[in-house]
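> Sharing a structure, written as structure tokens. Questions coming.
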Amino acid sequence: MHDTALLRLARWLAAGGLALLLPLAHAQGLPVQTAPSPAVDGEAGLEQLAGQWLQPTIAAVLGQEGGGALRPEVILGHLDPRLRLAPCQRVEPYLPPGTRLWGRSRIGLRCLEGPVRWNVFLPVTVRAWGPAWVLRRPVAAGAVLAQEDADIAEIDWAEQHAAVLADTDRWVGQQASYALQAGQALRQNMVRPVPAFGPGSQVRVASRVNGLQVTAVGESLGAGIEGQSVKVRLRGGRVVTGTVRADQIVEIQL
């Protein structure tokens, strides 16, 4: 891995780049800015108003930390040309409930003062450009990822809804969930923890009784991932559920 690439990522993470993803991906309930009182004329005027409203709204979501670690790009669509909207003295842009300013989205425009109240939606595409780990080579399903499998490149984080794995701790040593291709940016749905043991494996079941640790031997009924729960069949046939620990130990609470 090139030192310059690692340095870029370190600076980006230190500036809070990873933390910027979550608020943008789940932006909703943002404060609504009311349009100026003069009437808005025609489709071009409405689209201009929407663009003016989006600029500070996107800026508020992304923040200005780290000199703008994620570089936004906003592409406004067009209203349906068949619309014939009545004149309006005050139009209010807003973000519809449940809408996310991430990838393909939309904003609402509603007339608050006019002979006819109307409400329309304008398509918008929000891109968020920033550094990410991109695969240098194909990775087979189930293969364990190493740092040399990926390099840093600028991508559109908003191209998909799955979170970008900007921190190497979140993917190095993890298993590919499916066959991955060169050029793909590493995202949350692409990796999974490597199981400590598989179904049918012999494990030790440990519990504490009156301050004493008691162990028994059992057979795992599923894949054991450290920190997660798994069912184990004890030699007597009883099935218990416990938490997977290191060294093929399953801890249960009695």
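Each chain in the structure tokens gets a letter, A, B, ..., in the order shown, and its residues are numbered from 1; ligands are numbered from 1 in order too.
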Which of segment 18-249 of chain A counts as strand (DSSP E or B) under DSSP, as a VMD selection string please?
chain A and resid 71 to 76 90 to 94 103 to 113 119 to 135 139 144 150 to 156 164 175 to 176 180 185 187 191 to 192 197 202 to 209 212 to 220 224 229 to 234 239 to 245 249
> When you look at Leu109 of chain A with a cut-off of 6 Å (counting only C-alpha atoms), what residues show up, excluding the ones that are within fewer than 4 positions of it in the same chain? I need them as a VMD selection string.
chain A and resid 92 to 93 119 to 120
> Looking at only C-alpha atoms, which of A:Val139, A:Leu79, A:Leu70, A:Leu112 is the one that sits closest to Asp156 of chain A?
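Looking only at the distances to Asp156 of chain A, the closest residue turns out to be A:Leu70.
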> Please list as an mmCIF file with N, CA, C and O atoms, in the first residue's frame every residue within 9 Å of segment 205-213 of chain A, counting only C-alpha atoms and excluding residues in the same chain fewer than 3 positions away.

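Final output, selection.cif:
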```cif
data_model
loop_
_atom_site.group_PDB
_atom_site.id
_atom_site.type_symbol
_atom_site.label_atom_id
_atom_site.label_comp_id
_atom_site.auth_asym_id
_atom_site.auth_seq_id
_atom_site.Cartn_x
_atom_site.Cartn_y
_atom_site.Cartn_z
ATOM 1 N N ALA A 216 -18.925 -28.213 29.832
ATOM 2 C CA ALA A 216 -19.446 -29.447 29.260
ATOM 3 C C ALA A 216 -19.114 -29.444 27.783
ATOM 4 O O ALA A 216 -18.756 -28.411 27.212
ATOM 5 N N VAL A 217 -19.235 -30.587 27.149
ATOM 6 C CA VAL A 217 -18.950 -30.706 25.723
ATOM 7 C C VAL A 217 -20.258 -30.845 24.967
ATOM 8 O O VAL A 217 -21.192 -31.525 25.406
ATOM 9 N N GLY A 218 -20.352 -30.160 23.823
ATOM 10 C CA GLY A 218 -21.547 -30.231 23.017
ATOM 11 C C GLY A 218 -21.240 -30.087 21.540
ATOM 12 O O GLY A 218 -20.091 -29.871 21.147
ATOM 13 N N VAL A 232 -26.326 -25.027 20.865
ATOM 14 C CA VAL A 232 -25.448 -26.179 21.066
ATOM 15 C C VAL A 232 -26.267 -27.323 21.660
ATOM 16 O O VAL A 232 -27.055 -27.121 22.597
ATOM 17 N N LEU A 234 -26.128 -30.512 23.863
ATOM 18 C CA LEU A 234 -25.289 -31.191 24.835
ATOM 19 C C LEU A 234 -25.394 -32.704 24.664
ATOM 20 O O LEU A 234 -26.291 -33.205 23.977
ATOM 21 N N GLY A 242 -25.963 -19.994 23.662
ATOM 22 C CA GLY A 242 -24.947 -19.226 24.354
ATOM 23 C C GLY A 242 -24.212 -18.289 23.425
ATOM 24 O O GLY A 242 -24.503 -18.232 22.219
ATOM 25 N N GLN A 248 -13.210 -21.775 20.815
ATOM 26 C CA GLN A 248 -14.368 -22.656 20.647
ATOM 27 C C GLN A 248 -15.128 -22.892 21.946
ATOM 28 O O GLN A 248 -15.580 -23.984 22.255
ATOM 29 N N ILE A 249 -15.271 -21.818 22.702
ATOM 30 C CA ILE A 249 -16.054 -21.845 23.927
ATOM 31 C C ILE A 249 -17.372 -21.113 23.688
ATOM 32 O O ILE A 249 -17.407 -20.051 23.070
ATOM 33 N N VAL A 250 -18.458 -21.726 24.165
ATOM 34 C CA VAL A 250 -19.781 -21.088 24.121
ATOM 35 C C VAL A 250 -20.215 -20.850 25.564
ATOM 36 O O VAL A 250 -20.323 -21.774 26.359
ATOM 37 N N GLU A 251 -20.424 -19.581 25.888
ATOM 38 C CA GLU A 251 -20.756 -19.190 27.260
ATOM 39 C C GLU A 251 -22.262 -19.066 27.407
ATOM 40 O O GLU A 251 -22.929 -18.387 26.615
ATOM 41 N N ILE A 252 -22.823 -19.742 28.412
ATOM 42 C CA ILE A 252 -24.252 -19.667 28.656
ATOM 43 C C ILE A 252 -24.506 -19.119 30.054
ATOM 44 O O ILE A 252 -23.658 -19.214 30.950
ATOM 45 N N GLN A 253 -25.686 -18.514 30.209
ATOM 46 C CA GLN A 253 -26.095 -17.978 31.499
ATOM 47 C C GLN A 253 -27.160 -18.887 32.087
ATOM 48 O O GLN A 253 -28.181 -19.151 31.459
ATOM 49 N N LEU A 254 -26.914 -19.390 33.278
ATOM 50 C CA LEU A 254 -27.893 -20.267 33.947
ATOM 51 C C LEU A 254 -28.758 -19.471 34.914
ATOM 52 O O LEU A 254 -28.339 -18.436 35.425
#
```
> When distances are computed from only C-alpha atoms, which of A:Gly183, A:Pro97, A:Pro199, A:Pro87 shows the smallest separation from Gly114 of chain A?
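Among the listed residues, A:Pro87 lies closest to Gly114 of chain A.
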> For Arg104 of chain A, please output as an mmCIF file with N, CA and C atoms, in the first residue's frame all residues within 8 Å (counting only C-alpha atoms; exclusion window: fewer than 4 positions along the same chain).

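As a result, selection.cif now contains:
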```cif
data_model
loop_
_atom_site.group_PDB
_atom_site.id
_atom_site.type_symbol
_atom_site.label_atom_id
_atom_site.label_comp_id
_atom_site.auth_asym_id
_atom_site.auth_seq_id
_atom_site.Cartn_x
_atom_site.Cartn_y
_atom_site.Cartn_z
ATOM 1 N N PRO A 123 -37.501 15.742 -8.821
ATOM 2 C CA PRO A 123 -36.434 14.741 -8.629
ATOM 3 C C PRO A 123 -35.079 15.402 -8.440
ATOM 4 N N VAL A 124 -34.242 14.772 -7.617
ATOM 5 C CA VAL A 124 -32.909 15.297 -7.364
ATOM 6 C C VAL A 124 -31.974 14.114 -7.130
ATOM 7 N N THR A 125 -30.752 14.222 -7.606
ATOM 8 C CA THR A 125 -29.733 13.203 -7.359
ATOM 9 C C THR A 125 -28.614 13.840 -6.551
ATOM 10 N N VAL A 126 -28.316 13.249 -5.411
ATOM 11 C CA VAL A 126 -27.248 13.742 -4.546
ATOM 12 C C VAL A 126 -26.095 12.745 -4.588
#
```
> Using only C-alpha atoms, pick whichever of A:Ser220, A:Arg136, A:Gln147, A:Tyr94 has the shortest atom-to-atom distance to Leu180 of chain A.
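Nearest to Leu180 of chain A: A:Arg136.
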> List as a compact mmCIF listing (two decimals) with N, CA, C and O atoms, in the first residue's frame the protein and nucleic acid residues near Val172 of chain A, meaning an atom at most 9 Å away when only C-alpha atoms are counted, but skip any in the same chain fewer than 3 places from it.

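That gives us result.txt:
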```
# COMPACT_ATOMS: atom_id res chain seq x y z
N VAL A 144 -10.85 -14.59 2.75
CA VAL A 144 -10.57 -13.61 3.79
C VAL A 144 -9.81 -12.44 3.17
O VAL A 144 -8.81 -12.63 2.48
N LEU A 145 -10.28 -11.23 3.41
CA LEU A 145 -9.71 -10.03 2.81
C LEU A 145 -8.47 -9.56 3.57
O LEU A 145 -8.44 -9.57 4.81
N ALA A 146 -7.47 -9.13 2.81
CA ALA A 146 -6.26 -8.54 3.38
C ALA A 146 -6.12 -7.11 2.86
O ALA A 146 -6.71 -6.75 1.83
N GLN A 147 -5.34 -6.29 3.57
CA GLN A 147 -5.24 -4.88 3.20
C GLN A 147 -4.70 -4.69 1.79
O GLN A 147 -5.10 -3.76 1.08
N THR A 168 -10.14 0.31 7.79
CA THR A 168 -9.66 -1.04 7.47
C THR A 168 -10.05 -2.07 8.53
O THR A 168 -10.20 -3.26 8.23
N ASP A 169 -10.23 -1.63 9.79
CA ASP A 169 -10.61 -2.56 10.85
C ASP A 169 -11.96 -3.22 10.58
O ASP A 169 -12.27 -4.26 11.16
N GLN A 175 -14.55 -11.95 5.88
CA GLN A 175 -14.80 -12.89 4.80
C GLN A 175 -15.72 -12.25 3.75
O GLN A 175 -16.67 -11.56 4.11
```
> Check the smallest atom-to-atom distance from each of A:Ala140, A:Leu46, A:Glu73, A:Asn189 to Gly108 of chain A using only C-alpha atoms, then report the winner.
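Counting only C-alpha atoms, the residue closest to Gly108 of chain A is A:Leu46.
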> Skipping near chain neighbours, those fewer than 5 positions away, what residues fall within 9 Å of Gln228 of chain A using only C-alpha atoms, listed as a list in words?
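In the requested format, the answer is Gly242, Thr243, Val244 and Arg245 of chain A.
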> Export N, CA and C atoms of the chosen residues as an mmCIF file, in the first residue's frame?

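What follows is the written file part-v8.cif:
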```cif
data_model
loop_
_atom_site.group_PDB
_atom_site.id
_atom_site.type_symbol
_atom_site.label_atom_id
_atom_site.label_comp_id
_atom_site.auth_asym_id
_atom_site.auth_seq_id
_atom_site.Cartn_x
_atom_site.Cartn_y
_atom_site.Cartn_z
ATOM 1 N N GLY A 242 -25.963 -19.994 23.662
ATOM 2 C CA GLY A 242 -24.947 -19.226 24.354
ATOM 3 C C GLY A 242 -24.212 -18.289 23.425
ATOM 4 N N THR A 243 -23.266 -17.567 23.989
ATOM 5 C CA THR A 243 -22.478 -16.597 23.236
ATOM 6 C C THR A 243 -21.111 -17.178 22.908
ATOM 7 N N VAL A 244 -20.715 -17.054 21.648
ATOM 8 C CA VAL A 244 -19.447 -17.616 21.194
ATOM 9 C C VAL A 244 -18.288 -16.787 21.735
ATOM 10 N N ARG A 245 -17.332 -17.462 22.344
ATOM 11 C CA ARG A 245 -16.111 -16.832 22.823
ATOM 12 C C ARG A 245 -14.915 -17.449 22.096
#
```
> Take atom CA of Pro131 of chain A and atom CA of Ala153 of chain A and report the distance between them in Å, one decimal.
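Computing it gives 5.4 Å between the two atoms.
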> Nearest residue to Ala128 of chain A out of A:Val74, A:Ile107, A:Ala185, A:Ala163, using only C-alpha atoms?
A:Val74
> Any idea what the distance is between atom CA of Val134 of chain A and atom CA of Ala196 of chain A?
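One can read the atom CA of Val134 of chain A to atom CA of Ala196 of chain A distance as 27.0 Å.
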> So that I can see what lies close to Trp133 of chain A, please list as a list in words the residues with an atom at most 8 Å from it, counting only C-alpha atoms and leaving out residues fewer than 2 positions away in the same chain.
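Listing them by chain and then by number gives Pro131, Leu135, Ala150, Asp151, Ile152, Ala153, Leu165, Ala166, Ala185 and Leu186 of chain A.
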> Export, as a short mmCIF file (atom, residue, chain, number, x, y, z; two decimals), in the first residue's frame, the selected residues with N, CA and C atoms.

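Saved file out-v4.cif follows:
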```cif
data_model
loop_
_atom_site.label_atom_id
_atom_site.label_comp_id
_atom_site.auth_asym_id
_atom_site.auth_seq_id
_atom_site.Cartn_x
_atom_site.Cartn_y
_atom_site.Cartn_z
N PRO A 131 -12.91 9.54 -0.57
CA PRO A 131 -12.01 8.39 -0.67
C PRO A 131 -12.62 7.14 -0.05
N LEU A 135 -11.35 -2.49 -4.47
CA LEU A 135 -10.65 -3.76 -4.70
C LEU A 135 -9.73 -3.69 -5.92
N ALA A 150 -6.93 -4.05 -1.62
CA ALA A 150 -7.62 -2.82 -2.01
C ALA A 150 -6.70 -1.61 -1.97
N ASP A 151 -7.04 -0.62 -2.75
CA ASP A 151 -6.36 0.67 -2.78
C ASP A 151 -7.38 1.77 -2.56
N ILE A 152 -6.90 2.96 -2.26
CA ILE A 152 -7.80 4.10 -2.06
C ILE A 152 -8.10 4.77 -3.39
N ALA A 153 -9.36 5.06 -3.61
CA ALA A 153 -9.78 5.81 -4.80
C ALA A 153 -11.01 6.63 -4.43
N LEU A 165 -17.05 1.05 3.85
CA LEU A 165 -16.14 0.60 4.91
C LEU A 165 -14.83 1.37 4.79
N ALA A 166 -14.81 2.59 5.30
CA ALA A 166 -13.64 3.45 5.17
C ALA A 166 -12.52 3.04 6.12
N ALA A 185 -16.03 -0.79 -4.65
CA ALA A 185 -15.71 -0.17 -3.36
C ALA A 185 -16.27 -1.04 -2.24
N LEU A 186 -15.48 -1.24 -1.20
CA LEU A 186 -15.91 -2.12 -0.11
C LEU A 186 -17.01 -1.46 0.72
#
```
> Go ahead and compute the interatomic distance for atom CA of Ala143 of chain A and atom CA of Gly224 of chain A, in Å to one decimal.
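One can read the atom CA of Ala143 of chain A to atom CA of Gly224 of chain A distance as 17.1 Å.
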> Between A:Ala69, A:Ala158, A:Leu221, A:Ala182, which is the closest to Arg100 of chain A once you count only C-alpha atoms?
A:Ala158
> Considering only alpha helix (DSSP H) as DSSP defines it on the backbone, what residues of segment 22-234 of chain A qualify? List them as an mmCIF file with N, CA, C and O atoms, in the first residue's frame.

```
data_model
loop_
_atom_site.group_PDB
_atom_site.id
_atom_site.type_symbol
_atom_site.label_atom_id
_atom_site.label_comp_id
_atom_site.auth_asym_id
_atom_site.auth_seq_id
_atom_site.Cartn_x
_atom_site.Cartn_y
_atom_site.Cartn_z
ATOM 1 N N LEU A 22 -23.262 8.971 7.940
ATOM 2 C CA LEU A 22 -24.527 8.644 8.562
ATOM 3 C C LEU A 22 -25.550 9.764 8.495
ATOM 4 O O LEU A 22 -26.685 9.536 8.080
ATOM 5 N N PRO A 23 -25.199 11.036 8.863
ATOM 6 C CA PRO A 23 -26.227 12.076 8.787
ATOM 7 C C PRO A 23 -26.716 12.321 7.377
ATOM 8 O O PRO A 23 -27.881 12.621 7.165
ATOM 9 N N LEU A 24 -25.864 12.190 6.369
ATOM 10 C CA LEU A 24 -26.319 12.426 5.010
ATOM 11 C C LEU A 24 -27.202 11.288 4.550
ATOM 12 O O LEU A 24 -28.233 11.494 3.918
ATOM 13 N N ALA A 25 -26.830 10.059 4.898
ATOM 14 C CA ALA A 25 -27.590 8.910 4.441
ATOM 15 C C ALA A 25 -28.971 8.870 5.070
ATOM 16 O O ALA A 25 -29.905 8.305 4.516
ATOM 17 N N GLY A 42 -43.318 30.053 -13.184
ATOM 18 C CA GLY A 42 -43.046 28.937 -14.079
ATOM 19 C C GLY A 42 -42.101 27.887 -13.536
ATOM 20 O O GLY A 42 -41.582 27.963 -12.425
ATOM 21 N N GLU A 43 -41.885 26.847 -14.388
ATOM 22 C CA GLU A 43 -41.057 25.713 -14.001
ATOM 23 C C GLU A 43 -39.621 26.143 -13.701
ATOM 24 O O GLU A 43 -39.030 25.694 -12.717
ATOM 25 N N ALA A 44 -39.060 27.011 -14.516
ATOM 26 C CA ALA A 44 -37.672 27.445 -14.321
ATOM 27 C C ALA A 44 -37.509 28.136 -12.972
ATOM 28 O O ALA A 44 -36.514 27.933 -12.269
ATOM 29 N N GLY A 45 -38.491 28.949 -12.596
ATOM 30 C CA GLY A 45 -38.428 29.641 -11.317
ATOM 31 C C GLY A 45 -38.502 28.683 -10.145
ATOM 32 O O GLY A 45 -37.789 28.848 -9.147
ATOM 33 N N LEU A 46 -39.350 27.647 -10.263
ATOM 34 C CA LEU A 46 -39.470 26.661 -9.192
ATOM 35 C C LEU A 46 -38.178 25.858 -9.044
ATOM 36 O O LEU A 46 -37.723 25.585 -7.928
ATOM 37 N N GLU A 47 -37.583 25.495 -10.171
ATOM 38 C CA GLU A 47 -36.346 24.724 -10.117
ATOM 39 C C GLU A 47 -35.200 25.565 -9.549
ATOM 40 O O GLU A 47 -34.350 25.061 -8.806
ATOM 41 N N GLN A 48 -35.196 26.853 -9.878
ATOM 42 C CA GLN A 48 -34.180 27.741 -9.322
ATOM 43 C C GLN A 48 -34.357 27.863 -7.815
ATOM 44 O O GLN A 48 -33.385 27.829 -7.053
ATOM 45 N N LEU A 49 -35.603 28.001 -7.369
ATOM 46 C CA LEU A 49 -35.891 28.076 -5.943
ATOM 47 C C LEU A 49 -35.434 26.811 -5.232
ATOM 48 O O LEU A 49 -34.814 26.868 -4.163
ATOM 49 N N ALA A 50 -35.720 25.647 -5.845
ATOM 50 C CA ALA A 50 -35.318 24.370 -5.251
ATOM 51 C C ALA A 50 -33.802 24.283 -5.130
ATOM 52 O O ALA A 50 -33.271 23.834 -4.106
ATOM 53 N N GLY A 51 -33.092 24.724 -6.156
ATOM 54 C CA GLY A 51 -31.639 24.692 -6.130
ATOM 55 C C GLY A 51 -31.074 25.587 -5.036
ATOM 56 O O GLY A 51 -30.128 25.211 -4.330
ATOM 57 N N GLN A 52 -31.664 26.785 -4.872
ATOM 58 C CA GLN A 52 -31.208 27.703 -3.837
ATOM 59 C C GLN A 52 -31.457 27.124 -2.443
ATOM 60 O O GLN A 52 -30.645 27.295 -1.533
ATOM 61 N N TRP A 53 -32.587 26.442 -2.277
ATOM 62 C CA TRP A 53 -32.911 25.836 -0.983
ATOM 63 C C TRP A 53 -31.987 24.657 -0.681
ATOM 64 O O TRP A 53 -31.576 24.455 0.465
ATOM 65 N N LEU A 54 -31.637 23.878 -1.707
ATOM 66 C CA LEU A 54 -30.823 22.685 -1.501
ATOM 67 C C LEU A 54 -29.400 23.011 -1.063
ATOM 68 O O LEU A 54 -28.803 22.268 -0.285
ATOM 69 N N GLN A 55 -28.835 24.103 -1.575
ATOM 70 C CA GLN A 55 -27.434 24.410 -1.280
ATOM 71 C C GLN A 55 -27.161 24.487 0.219
ATOM 72 O O GLN A 55 -26.311 23.756 0.732
ATOM 73 N N PRO A 56 -27.849 25.343 0.972
ATOM 74 C CA PRO A 56 -27.585 25.377 2.420
ATOM 75 C C PRO A 56 -28.062 24.122 3.139
ATOM 76 O O PRO A 56 -27.507 23.746 4.171
ATOM 77 N N THR A 57 -29.094 23.453 2.596
ATOM 78 C CA THR A 57 -29.592 22.241 3.236
ATOM 79 C C THR A 57 -28.555 21.134 3.163
ATOM 80 O O THR A 57 -28.258 20.467 4.158
ATOM 81 N N ILE A 58 -27.976 20.928 1.983
ATOM 82 C CA ILE A 58 -26.923 19.930 1.825
ATOM 83 C C ILE A 58 -25.703 20.313 2.663
ATOM 84 O O ILE A 58 -25.073 19.480 3.306
ATOM 85 N N ALA A 59 -25.362 21.605 2.679
ATOM 86 C CA ALA A 59 -24.215 22.070 3.464
ATOM 87 C C ALA A 59 -24.432 21.780 4.941
ATOM 88 O O ALA A 59 -23.510 21.383 5.658
ATOM 89 N N ALA A 60 -25.677 21.968 5.421
ATOM 90 C CA ALA A 60 -25.977 21.710 6.826
ATOM 91 C C ALA A 60 -25.844 20.232 7.145
ATOM 92 O O ALA A 60 -25.409 19.851 8.236
ATOM 93 N N VAL A 61 -26.204 19.379 6.191
ATOM 94 C CA VAL A 61 -26.126 17.939 6.403
ATOM 95 C C VAL A 61 -24.674 17.478 6.400
ATOM 96 O O VAL A 61 -24.222 16.732 7.258
ATOM 97 N N LEU A 62 -23.927 17.898 5.404
ATOM 98 C CA LEU A 62 -22.537 17.468 5.283
ATOM 99 C C LEU A 62 -21.632 18.115 6.321
ATOM 100 O O LEU A 62 -20.692 17.515 6.815
#
```
